[in-house]
file work06.json (JSON, C-alpha atoms and all ligand atoms)
[["chain", "number", "residue", "atom", "x", "y", "z"],
["A", 1, "MET", "CA", 0.00, 0.00, 0.00],
["A", 2, "SER", "CA", 1.18, 3.51, -0.55],
["A", 3, "VAL", "CA", 0.07, 6.55, 1.40],
["A", 4, "THR", "CA", -3.08, 8.10, -0.06],
["A", 5, "SER", "CA", -6.09, 9.97, 1.24],
["A", 6, "ASP", "CA", -7.54, 6.58, 2.27],
["A", 7, "THR", "CA", -4.79, 6.47, 4.83],
["A", 8, "VAL", "CA", -5.98, 5.98, 8.40],
["A", 9, "GLY", "CA", -3.44, 6.64, 11.13],
["A", 10, "ARG", "CA", -3.80, 6.88, 14.86],
["A", 11, "PHE", "CA", -2.54, 8.45, 18.03],
["A", 12, "ALA", "CA", -2.50, 5.74, 20.69],
["A", 13, "PRO", "CA", -1.42, 7.32, 23.96],
["A", 14, "SER", "CA", -1.38, 5.43, 27.24],
["A", 15, "PRO", "CA", -2.68, 7.91, 29.82],
["A", 16, "SER", "CA", -0.27, 6.82, 32.53],
["A", 17, "GLY", "CA", 1.38, 10.22, 32.80],
["A", 18, "TYR", "CA", 1.76, 13.55, 31.06],
["A", 19, "THR", "CA", 2.75, 13.66, 27.41],
["A", 20, "HIS", "CA", 6.46, 14.49, 27.07],
["A", 21, "LEU", "CA", 8.46, 15.75, 24.15],
["A", 22, "GLY", "CA", 9.37, 12.20, 23.11],
["A", 23, "ASN", "CA", 5.70, 11.17, 22.86],
["A", 24, "LEU", "CA", 5.00, 14.39, 21.06],
["A", 25, "ALA", "CA", 7.70, 13.73, 18.46],
["A", 26, "SER", "CA", 5.91, 10.53, 17.41],
["A", 27, "TYR", "CA", 2.48, 12.18, 17.46],
["A", 28, "LEU", "CA", 3.79, 15.02, 15.31],
["A", 29, "LEU", "CA", 5.27, 12.56, 12.82],
["A", 30, "ALA", "CA", 2.08, 10.46, 12.82],
["A", 31, "TRP", "CA", 0.06, 13.60, 12.14],
["A", 32, "LEU", "CA", 2.38, 14.89, 9.38],
["A", 33, "ASP", "CA", 2.60, 11.44, 7.79],
["A", 34, "VAL", "CA", -1.17, 11.12, 7.48],
["A", 35, "ARG", "CA", -2.23, 14.73, 6.99],
["A", 36, "SER", "CA", 0.37, 15.31, 4.28],
["A", 37, "VAL", "CA", -1.60, 12.87, 2.11],
["A", 38, "GLY", "CA", -5.04, 14.05, 3.26],
["A", 39, "GLY", "CA", -5.69, 10.97, 5.41],
["A", 40, "SER", "CA", -7.53, 10.70, 8.71],
["A", 41, "ILE", "CA", -6.40, 10.09, 12.27],
["A", 42, "ILE", "CA", -8.02, 8.27, 15.15],
["A", 43, "LEU", "CA", -7.31, 9.15, 18.76],
["A", 44, "ARG", "CA", -7.48, 5.96, 20.79],
["A", 45, "ILE", "CA", -6.83, 5.99, 24.51],
["A", 46, "GLU", "CA", -4.78, 2.95, 25.53],
["A", 47, "ASP", "CA", -5.94, 2.72, 29.12],
["A", 48, "LEU", "CA", -5.98, -1.06, 29.50],
["A", 49, "ASP", "CA", -4.38, -0.96, 32.90],
["A", 50, "LEU", "CA", -6.69, 1.14, 35.01],
["A", 51, "ASN", "CA", -4.29, 0.96, 37.96],
["A", 52, "ARG", "CA", -1.73, 2.94, 35.99],
["A", 53, "CYS", "CA", -3.93, 5.06, 33.72],
["A", 54, "SER", "CA", -6.36, 7.81, 34.51],
["A", 55, "GLU", "CA", -9.04, 9.76, 32.71],
["A", 56, "SER", "CA", -7.48, 13.03, 33.83],
["A", 57, "PHE", "CA", -4.22, 12.14, 32.03],
["A", 58, "ALA", "CA", -6.30, 11.19, 28.97],
["A", 59, "GLU", "CA", -8.02, 14.58, 29.06],
["A", 60, "GLN", "CA", -4.69, 16.35, 29.45],
["A", 61, "ILE", "CA", -3.22, 14.45, 26.47],
["A", 62, "ALA", "CA", -6.21, 15.36, 24.28],
["A", 63, "ASP", "CA", -5.93, 18.96, 25.43],
["A", 64, "ASP", "CA", -2.19, 19.09, 24.65],
["A", 65, "LEU", "CA", -2.76, 17.68, 21.16],
["A", 66, "LYS", "CA", -5.47, 20.26, 20.49],
["A", 67, "PHE", "CA", -3.33, 23.08, 21.85],
["A", 68, "LEU", "CA", -0.53, 22.11, 19.45],
["A", 69, "GLY", "CA", -2.86, 21.87, 16.46],
["A", 70, "LEU", "CA", -2.59, 18.08, 16.13],
["A", 71, "ASP", "CA", -6.21, 17.35, 15.34],
["A", 72, "TRP", "CA", -7.93, 14.00, 14.93],
["A", 73, "ASP", "CA", -11.20, 12.87, 13.41],
["A", 74, "ASN", "CA", -13.20, 10.86, 15.95],
["A", 75, "GLU", "CA", -15.08, 11.98, 19.00],
["A", 76, "LEU", "CA", -13.58, 10.56, 22.16],
["A", 77, "ARG", "CA", -16.51, 8.28, 22.83],
["A", 78, "PRO", "CA", -16.15, 5.24, 25.15],
["A", 79, "GLU", "CA", -15.41, 2.89, 22.24],
["A", 80, "PHE", "CA", -12.17, 4.75, 21.64],
["A", 81, "HIS", "CA", -10.95, 3.83, 25.12],
["A", 82, "GLN", "CA", -9.40, 0.38, 25.36],
["A", 83, "SER", "CA", -10.75, -0.02, 28.89],
["A", 84, "ARG", "CA", -14.25, 0.03, 27.36],
["A", 85, "ARG", "CA", -13.49, -2.54, 24.67],
["A", 86, "THR", "CA", -12.94, -5.59, 26.88],
["A", 87, "SER", "CA", -15.96, -7.50, 25.57],
["A", 88, "MET", "CA", -14.39, -7.42, 22.10],
["A", 89, "TYR", "CA", -11.06, -8.61, 23.48],
["A", 90, "GLU", "CA", -12.96, -11.39, 25.29],
["A", 91, "ASP", "CA", -14.33, -12.57, 21.94],
["A", 92, "ILE", "CA", -10.89, -12.63, 20.37],
["A", 93, "PHE", "CA", -9.49, -14.38, 23.42],
["A", 94, "ARG", "CA", -12.18, -17.07, 23.15],
["A", 95, "GLN", "CA", -11.51, -17.46, 19.45],
["A", 96, "LEU", "CA", -7.78, -17.99, 20.07],
["A", 97, "MET", "CA", -8.56, -20.40, 22.90],
["A", 98, "LYS", "CA", -10.86, -22.39, 20.64],
["A", 99, "HIS", "CA", -8.03, -22.77, 18.16],
["A", 100, "ASP", "CA", -5.78, -24.05, 20.93],
["A", 101, "MET", "CA", -3.38, -21.16, 20.54],
["A", 102, "LEU", "CA", -3.32, -20.20, 24.22],
["A", 103, "TYR", "CA", -2.01, -21.78, 27.41],
["A", 104, "PRO", "CA", -1.86, -20.68, 31.04],
["A", 105, "CYS", "CA", 1.42, -19.33, 32.37],
["A", 106, "TYR", "CA", 2.13, -19.38, 36.09],
["A", 107, "CYS", "CA", 5.39, -17.46, 36.03],
["A", 108, "SER", "CA", 6.29, -14.66, 38.41],
["A", 109, "ARG", "CA", 4.95, -11.15, 38.37],
["A", 110, "SER", "CA", 8.04, -9.69, 36.71],
["A", 111, "GLN", "CA", 7.43, -11.88, 33.68],
["A", 112, "ARG", "CA", 3.79, -10.96, 33.70],
["A", 113, "LEU", "CA", 4.75, -7.31, 33.53],
["A", 114, "ALA", "CA", 5.91, -8.17, 30.03],
["A", 115, "ALA", "CA", 2.37, -7.57, 28.95],
["A", 116, "SER", "CA", 1.90, -4.10, 30.31],
["A", 117, "ALA", "CA", 1.90, -0.79, 28.40],
["A", 118, "PRO", "CA", 3.35, 1.81, 28.01],
["A", 119, "HIS", "CA", 6.73, 0.28, 27.17],
["A", 120, "PRO", "CA", 5.49, -3.01, 25.87],
["A", 121, "GLY", "CA", 8.35, -3.72, 23.53],
["A", 122, "GLU", "CA", 10.95, -3.62, 26.22],
["A", 123, "TYR", "CA", 10.40, -6.78, 28.19],
["A", 124, "SER", "CA", 9.17, -9.26, 25.70],
["A", 125, "HIS", "CA", 11.72, -12.03, 26.12],
["A", 126, "ASP", "CA", 10.13, -15.28, 27.07],
["A", 127, "THR", "CA", 13.07, -16.28, 29.20],
["A", 128, "GLY", "CA", 12.91, -19.68, 30.74],
["A", 129, "CYS", "CA", 9.16, -20.13, 30.86],
["A", 130, "ARG", "CA", 8.31, -23.83, 30.85],
["A", 131, "CYS", "CA", 4.58, -23.43, 31.41],
["A", 132, "LYS", "CA", 3.57, -24.73, 28.01],
["A", 133, "TYR", "CA", 5.03, -28.12, 28.94],
["A", 134, "LEU", "CA", 3.09, -28.44, 32.21],
["A", 135, "SER", "CA", 0.88, -31.49, 32.40],
["A", 136, "TYR", "CA", -2.78, -31.24, 33.21],
["A", 137, "TYR", "CA", -2.01, -32.55, 36.69],
["A", 138, "GLU", "CA", 0.76, -30.00, 37.31],
["A", 139, "ARG", "CA", -1.57, -27.20, 36.28],
["A", 140, "LEU", "CA", -4.19, -28.50, 38.65],
["A", 141, "GLN", "CA", -1.67, -28.52, 41.51],
["A", 142, "LEU", "CA", -0.74, -24.90, 40.79],
["A", 143, "GLU", "CA", -4.38, -23.87, 40.66],
["A", 144, "LYS", "CA", -5.02, -25.67, 43.94],
["A", 145, "ALA", "CA", -2.11, -23.77, 45.47],
["A", 146, "GLY", "CA", -3.98, -20.59, 44.58],
["A", 147, "LYS", "CA", -1.96, -19.53, 41.50],
["A", 148, "THR", "CA", -3.86, -17.59, 38.91],
["A", 149, "PRO", "CA", -2.30, -17.83, 35.47],
["A", 150, "ALA", "CA", -1.63, -15.27, 32.81],
["A", 151, "TRP", "CA", -2.36, -16.47, 29.27],
["A", 152, "LYS", "CA", 0.23, -16.82, 26.57],
["A", 153, "ILE", "CA", -0.10, -17.34, 22.87],
["A", 154, "ARG", "CA", 2.03, -19.99, 21.14],
["A", 155, "VAL", "CA", 4.07, -18.49, 18.36],
["A", 156, "PRO", "CA", 5.45, -20.57, 15.50],
["A", 157, "ASP", "CA", 9.08, -20.72, 14.45],
["A", 158, "LYS", "CA", 8.40, -18.31, 11.64],
["A", 159, "GLU", "CA", 10.23, -15.37, 10.17],
["A", 160, "ILE", "CA", 8.14, -12.26, 9.66],
["A", 161, "VAL", "CA", 9.50, -9.94, 6.99],
["A", 162, "PHE", "CA", 8.20, -6.42, 6.54],
["A", 163, "THR", "CA", 9.33, -3.06, 5.28],
["A", 164, "ASP", "CA", 9.32, -0.35, 7.87],
["A", 165, "GLY", "CA", 8.49, 3.00, 6.30],
["A", 166, "HIS", "CA", 11.53, 4.59, 7.92],
["A", 167, "TYR", "CA", 13.98, 1.84, 8.84],
["A", 168, "GLY", "CA", 13.49, -0.35, 5.76],
["A", 169, "ALA", "CA", 13.53, -4.15, 5.63],
["A", 170, "VAL", "CA", 13.04, -5.91, 8.96],
["A", 171, "ARG", "CA", 13.17, -9.67, 9.48],
["A", 172, "GLN", "CA", 12.22, -11.14, 12.78],
["A", 173, "ASN", "CA", 11.63, -14.71, 13.79],
["A", 174, "LEU", "CA", 8.73, -14.92, 16.22],
["A", 175, "ALA", "CA", 10.43, -17.76, 18.06],
["A", 176, "ASP", "CA", 13.32, -15.45, 19.05],
["A", 177, "ASP", "CA", 11.19, -13.64, 21.63],
["A", 178, "GLY", "CA", 8.97, -16.66, 22.14],
["A", 179, "ASP", "CA", 5.37, -16.94, 23.23],
["A", 180, "PHE", "CA", 3.91, -13.75, 24.58],
["A", 181, "ILE", "CA", 1.24, -12.79, 27.07],
["A", 182, "VAL", "CA", -2.18, -11.86, 25.73],
["A", 183, "ARG", "CA", -3.92, -11.67, 29.08],
["A", 184, "ARG", "CA", -2.47, -10.95, 32.47],
["A", 185, "SER", "CA", -3.18, -12.97, 35.57],
["A", 186, "ASP", "CA", -5.37, -10.15, 36.90],
["A", 187, "GLY", "CA", -7.59, -10.51, 33.82],
["A", 188, "VAL", "CA", -6.37, -7.37, 32.07],
["A", 189, "PHE", "CA", -5.80, -7.91, 28.35],
["A", 190, "ALA", "CA", -2.26, -7.30, 27.21],
["A", 191, "TYR", "CA", -1.07, -4.56, 24.91],
["A", 192, "GLN", "CA", -0.17, -6.89, 21.99],
["A", 193, "LEU", "CA", -3.64, -8.36, 21.79],
["A", 194, "ALA", "CA", -5.53, -5.11, 22.23],
["A", 195, "VAL", "CA", -3.39, -3.05, 19.87],
["A", 196, "SER", "CA", -3.45, -5.67, 17.12],
["A", 197, "PHE", "CA", -7.19, -6.12, 17.35],
["A", 198, "ASP", "CA", -7.90, -2.39, 17.56],
["A", 199, "ASP", "CA", -5.69, -1.42, 14.63],
["A", 200, "MET", "CA", -7.43, -4.11, 12.60],
["A", 201, "ALA", "CA", -10.98, -3.35, 13.79],
["A", 202, "MET", "CA", -10.61, 0.41, 13.39],
["A", 203, "GLY", "CA", -9.27, 0.13, 9.85],
["A", 204, "VAL", "CA", -5.90, 1.65, 10.74],
["A", 205, "ASN", "CA", -3.57, 1.13, 7.79],
["A", 206, "ARG", "CA", -0.65, 3.30, 8.81],
["A", 207, "VAL", "CA", 1.04, 3.15, 12.22],
["A", 208, "VAL", "CA", 3.66, 5.74, 13.13],
["A", 209, "ARG", "CA", 5.19, 5.34, 16.58],
["A", 210, "GLY", "CA", 8.46, 5.28, 18.48],
["A", 211, "ARG", "CA", 11.26, 2.92, 17.52],
["A", 212, "ASP", "CA", 10.99, 1.19, 20.91],
["A", 213, "LEU", "CA", 7.96, -0.63, 19.50],
["A", 214, "LEU", "CA", 9.72, -1.92, 16.40],
["A", 215, "ASN", "CA", 10.34, -5.14, 18.27],
["A", 216, "SER", "CA", 6.60, -5.62, 18.81],
["A", 217, "THR", "CA", 5.73, -5.21, 15.16],
["A", 218, "ALA", "CA", 6.36, -8.77, 13.95],
["A", 219, "LYS", "CA", 4.09, -10.07, 16.73],
["A", 220, "GLN", "CA", 1.34, -7.66, 15.75],
["A", 221, "ILE", "CA", 1.62, -8.43, 12.02],
["A", 222, "TRP", "CA", 1.42, -12.13, 12.78],
["A", 223, "LEU", "CA", -1.51, -11.76, 15.20],
["A", 224, "ILE", "CA", -3.50, -9.59, 12.79],
["A", 225, "ASN", "CA", -2.94, -12.14, 10.04],
["A", 226, "GLU", "CA", -4.06, -14.93, 12.38],
["A", 227, "LEU", "CA", -7.21, -12.95, 13.15],
["A", 228, "GLY", "CA", -7.93, -12.67, 9.44],
["A", 229, "GLY", "CA", -7.07, -8.98, 9.07],
["A", 230, "ILE", "CA", -4.65, -6.98, 6.96],
["A", 231, "PRO", "CA", -1.79, -5.51, 8.96],
["A", 232, "PRO", "CA", -1.14, -1.78, 8.63],
["A", 233, "GLU", "CA", 2.07, -0.34, 7.25],
["A", 234, "TYR", "CA", 4.43, 0.52, 10.07],
["A", 235, "CYS", "CA", 6.75, 3.45, 10.22],
["A", 236, "HIS", "CA", 8.91, 3.85, 13.30],
["A", 237, "ALA", "CA", 10.40, 7.07, 14.52],
["A", 238, "PRO", "CA", 13.67, 7.75, 16.33],
["A", 239, "LEU", "CA", 13.43, 8.26, 20.08],
["A", 240, "LEU", "CA", 14.27, 11.45, 21.89],
["A", 241, "ILE", "CA", 16.86, 10.88, 24.55],
["A", 242, "SER", "CA", 18.16, 13.10, 27.29],
["A", 243, "GLU", "CA", 21.76, 14.35, 27.32],
["A", 244, "SER", "CA", 22.54, 11.65, 29.87],
["A", 245, "GLY", "CA", 21.57, 9.10, 27.19],
["A", 246, "LYS", "CA", 18.26, 7.99, 28.69],
["A", 247, "LYS", "CA", 15.07, 7.67, 26.67],
["A", 248, "LEU", "CA", 12.63, 10.35, 27.79],
["A", 249, "SER", "CA", 9.98, 8.90, 30.01],
["A", 250, "LYS", "CA", 6.76, 10.02, 31.59],
["A", 251, "ARG", "CA", 8.71, 10.30, 34.80],
["A", 252, "ASP", "CA", 10.71, 13.20, 33.32],
["A", 253, "GLY", "CA", 7.99, 15.57, 34.41],
["A", 254, "ASP", "CA", 9.89, 18.74, 33.54],
["A", 255, "LEU", "CA", 9.72, 17.92, 29.85],
["A", 256, "SER", "CA", 6.00, 17.34, 29.93],
["A", 257, "ILE", "CA", 3.96, 19.38, 27.51],
["A", 258, "LYS", "CA", 1.80, 20.52, 30.41],
["A", 259, "GLN", "CA", 4.86, 22.08, 31.99],
["A", 260, "LEU", "CA", 6.29, 23.50, 28.75],
["A", 261, "ARG", "CA", 2.96, 25.18, 27.99],
["A", 262, "LYS", "CA", 3.51, 27.41, 31.02],
["A", 263, "SER", "CA", 6.54, 29.04, 29.36],
["A", 264, "TYR", "CA", 6.20, 28.47, 25.62],
["A", 265, "SER", "CA", 3.61, 28.95, 22.90],
["A", 266, "ALA", "CA", 2.37, 26.06, 20.74],
["A", 267, "GLU", "CA", 4.44, 27.44, 17.84],
["A", 268, "GLU", "CA", 7.59, 27.59, 19.96],
["A", 269, "ILE", "CA", 7.18, 23.98, 21.11],
["A", 270, "ILE", "CA", 6.51, 22.74, 17.57],
["A", 271, "GLY", "CA", 9.38, 24.85, 16.19],
["A", 272, "PHE", "CA", 11.79, 23.35, 18.72],
["A", 273, "LEU", "CA", 10.63, 19.82, 17.94],
["A", 274, "ALA", "CA", 10.78, 20.40, 14.19],
["A", 275, "LYS", "CA", 14.42, 21.41, 14.57],
["A", 276, "GLN", "CA", 15.18, 18.21, 16.51],
["A", 277, "LEU", "CA", 13.47, 16.20, 13.77],
["A", 278, "ASN", "CA", 15.44, 18.02, 11.06],
["A", 279, "ILE", "CA", 12.36, 19.51, 9.41],
["A", 280, "GLY", "CA", 12.66, 23.03, 10.81],
["A", 281, "ASP", "CA", 15.08, 25.67, 11.99],
["A", 282, "CYS", "CA", 13.77, 26.22, 15.53],
["A", 283, "LYS", "CA", 11.71, 29.28, 14.54],
["A", 284, "PRO", "CA", 8.20, 29.17, 15.98],
["A", 285, "THR", "CA", 5.96, 27.41, 13.51],
["A", 286, "GLY", "CA", 2.50, 25.89, 13.29],
["A", 287, "VAL", "CA", 1.99, 22.28, 12.32],
["A", 288, "GLN", "CA", 0.22, 23.28, 9.08],
["A", 289, "GLU", "CA", 3.36, 25.06, 7.86],
["A", 290, "LEU", "CA", 5.39, 21.90, 8.46],
["A", 291, "LEU", "CA", 3.20, 19.90, 6.11],
["A", 292, "ASN", "CA", 5.04, 21.25, 3.06],
["A", 293, "ARG", "CA", 8.46, 20.59, 4.51],
["A", 294, "PHE", "CA", 7.75, 17.13, 5.91],
["A", 295, "ASP", "CA", 9.56, 14.24, 4.26],
["A", 296, "TRP", "CA", 10.57, 10.99, 5.95],
["A", 297, "SER", "CA", 13.97, 11.15, 4.22],
["A", 298, "LEU", "CA", 14.83, 14.20, 6.37],
["A", 299, "ILE", "CA", 14.01, 12.51, 9.68],
["A", 300, "PRO", "CA", 17.08, 11.11, 11.45],
["A", 301, "LYS", "CA", 17.31, 7.37, 11.94],
["A", 302, "ASN", "CA", 19.49, 7.58, 15.02],
["A", 303, "ASP", "CA", 17.92, 8.56, 18.28],
["A", 304, "ILE", "CA", 17.92, 12.28, 18.90],
["A", 305, "ILE", "CA", 19.78, 13.75, 21.85],
["A", 306, "LEU", "CA", 17.84, 16.72, 23.16],
["A", 307, "LYS", "CA", 19.95, 19.84, 23.43],
["B", 1, "LIG", "N1", 0.20, 3.12, 23.94],
["B", 1, "LIG", "C1", 1.58, 3.10, 23.58],
["B", 1, "LIG", "C2", 2.32, 4.26, 24.22],
["B", 1, "LIG", "O1", 1.69, 5.22, 24.63],
["B", 1, "LIG", "C3", 1.78, 3.17, 22.08],
["B", 1, "LIG", "C4", 1.39, 1.91, 21.42],
["B", 1, "LIG", "C5", 1.49, 1.89, 19.91],
["B", 1, "LIG", "O2", 1.65, 2.96, 19.28],
["B", 1, "LIG", "O3", 1.37, 0.81, 19.38],
["B", 1, "LIG", "O4", 3.53, 4.19, 24.33]]
call {"tool": "encode", "arguments": {"input": "work06.json", "output": "structure tokens", "more": "lines below"}}
Ligand code: GLU
result
Amino acid sequence: MSVTSDTVGRFAPSPSGYTHLGNLASYLLAWLDVRSVGGSIILRIEDLDLNRCSESFAEQIADDLKFLGLDWDNELRPEFHQSRRTSMYEDIFRQLMKHDMLYPCYCSRSQRLAASAPHPGEYSHDTGCRCKYLSYYERLQLEKAGKTPAWKIRVPDKEIVFTDGHYGAVRQNLADDGDFIVRRSDGVFAYQLAVSFDDMAMGVNRVVRGRDLLNSTAKQIWLINELGGIPPEYCHAPLLISESGKKLSKRDGDLSIKQLRKSYSAEEIIGFLAKQLNIGDCKPTGVQELLNRFDWSLIPKNDIILK
């Protein structure tokens, strides 16, 4: 597929903190990528884990996007919140179960965290889990001992090959990371399942997001294919990192947009970011003006050190 006005992109923030400049860099690129071809954008709130996410963060994120001129095309009705889509995830879960693709995993909490947003790509290694080999009797013993399992999906030994819109050809064997969690032991559906289903169900055909999720992409392509859908095109963006070399995180409160808005105008924030992304010269600018200048070939591939 090539980018046309039928392009449907999305912003998919997890409202577990304030938007920071790093998040904003991927939202800006997602917006430019889609709007430069006259496509539409969905805002979907990825609030699967209600212990970590809050509606007030979601409202703040939407308000920041609006303030910066990054508009989207849906109303923020409940169906655009993942926390309100669990009955659909239940159906998919049942479907996968019926096809014998799932098994219970009784591993420790740290492994279960593998399934949680907002940094889902970072902990995906299926190190040492033997749960798929447990006998019926062993499972029963664990259940009797009060263990509640998470649920994992069996992945085949299969190489997924795709072309990332920014980083080019990517080959990844699903077996390298191994089986992954689709539902946590507390019942919460995992990022990989929800994001794959939602991108498919919402007709998203273009995903622009941070490079930290590149490692999740093969899983999502495979899962969407298994569910009978057509995977979107993926285009990953470099990450913004602090001078100390750390990826910006929601914990870096001082670089939150909420905080920056106290001292800078929307045009100043966008101008600064455009300079970092190599599509501007740091002069205050609106997002509309960047549309003419935007070209993926200008965007750095290496992570960007904020100065
Ligand atoms: N919800 C994720 C985040 O805020 C993004 C997931 C995605 O773009 O696939 O980091």
call {"tool": "closest_residue", "arguments": {"input": "work06.json", "among": "A:Ile42, A:Leu213, A:Leu50, A:Val182", "to": "ligand LIG 1 (chain B)", "atoms": "all atoms listed in the file"}}
result
A:Leu213
call {"tool": "atom_distance", "arguments": {"input": "work06.json", "atom1": "CA of Tyr264 (chain A)", "atom2": "CA of Pro15 (chain A)"}}
result
22.8 Å
call {"tool": "atom_distance", "arguments": {"input": "work06.json", "atom1": "CA of Asp295 (chain A)", "atom2": "CA of His20 (chain A)"}}
result
23.0 Å
call {"tool": "closest_atom_pairs", "arguments": {"input": "work06.json", "of": "region 6-104 of chain A", "to": "region 169-180 of chain A", "cutoff": "12 Å", "atoms": "all atoms listed in the file", "output": "CSV"}}
result
residue,atom,partner,partner_atom,distance
A:Met101,CA,A:Asp179,CA,10.1
A:Leu102,CA,A:Asp179,CA,9.3
A:Tyr103,CA,A:Asp179,CA,9.8
A:Pro104,CA,A:Phe180,CA,11.1
call {"tool": "residues_around", "arguments": {"input": "work06.json", "residues": "Arg130 (chain A)", "least_positions_apart": "5", "cutoff": "10 Å", "atoms": "only C-alpha atoms", "output": "PyMOL selection string"}}
result
chain A and resi 105-107
call {"tool": "residues_near_ligand", "arguments": {"input": "work06.json", "ligand": "ligand LIG 1 (chain B)", "cutoff": "9 Å", "atoms": "only C-alpha atoms and all ligand atoms", "output": "MDAnalysis selection string"}}
result
chainID A and resid 10:16 19 23 26 44:47 117:120 191:192 195:196 199 207:210 212:213 216:217
call {"tool": "residues_around", "arguments": {"input": "work06.json", "residues": "region 258-260 of chain A", "least_positions_apart": "3", "cutoff": "12 Å", "atoms": "only C-alpha atoms", "output": "number ranges by chain"}}
result
A: 17-21, 24, 57, 59-65, 67-68, 250, 252-255, 263-270, 272
call {"tool": "atom_distance", "arguments": {"input": "work06.json", "atom1": "CA of Ser244 (chain A)", "atom2": "CA of Ile305 (chain A)"}}
result
8.7 Å
call {"tool": "residues_around", "arguments": {"input": "work06.json", "residues": "region 277-288 of chain A", "least_positions_apart": "4", "cutoff": "10 Å", "atoms": "all atoms listed in the file", "output": "PyMOL selection string"}}
result
chain A and resi 25+28-29+31-32+35-36+68-70+237-238+240+264-273+292-301+303-304
call {"tool": "residues_near_point", "arguments": {"input": "work06.json", "point": "(-11.6, 1.8, 9.4)", "cutoff": "10 Å", "atoms": "all atoms listed in the file", "output": "list in words"}}
result
Asp6, Thr7, Val8, Gly9, Ser40, Ile42, Asp198, Asp199, Met200, Ala201, Met202, Gly203, Val204 and Asn205 of chain A
call {"tool": "residues_near_point", "arguments": {"input": "work06.json", "point": "(-3.3, 17.2, 1.1)", "cutoff": "10 Å", "atoms": "only C-alpha atoms", "output": "VMD selection string"}}
result
chain A and resid 4 to 5 34 to 39 291 to 292
call {"tool": "closest_residue", "arguments": {"input": "work06.json", "among": "A:Trp151, A:Gly245, A:Val161, A:Leu96", "to": "Leu223 (chain A)", "atoms": "only C-alpha atoms"}}
result
A:Leu96
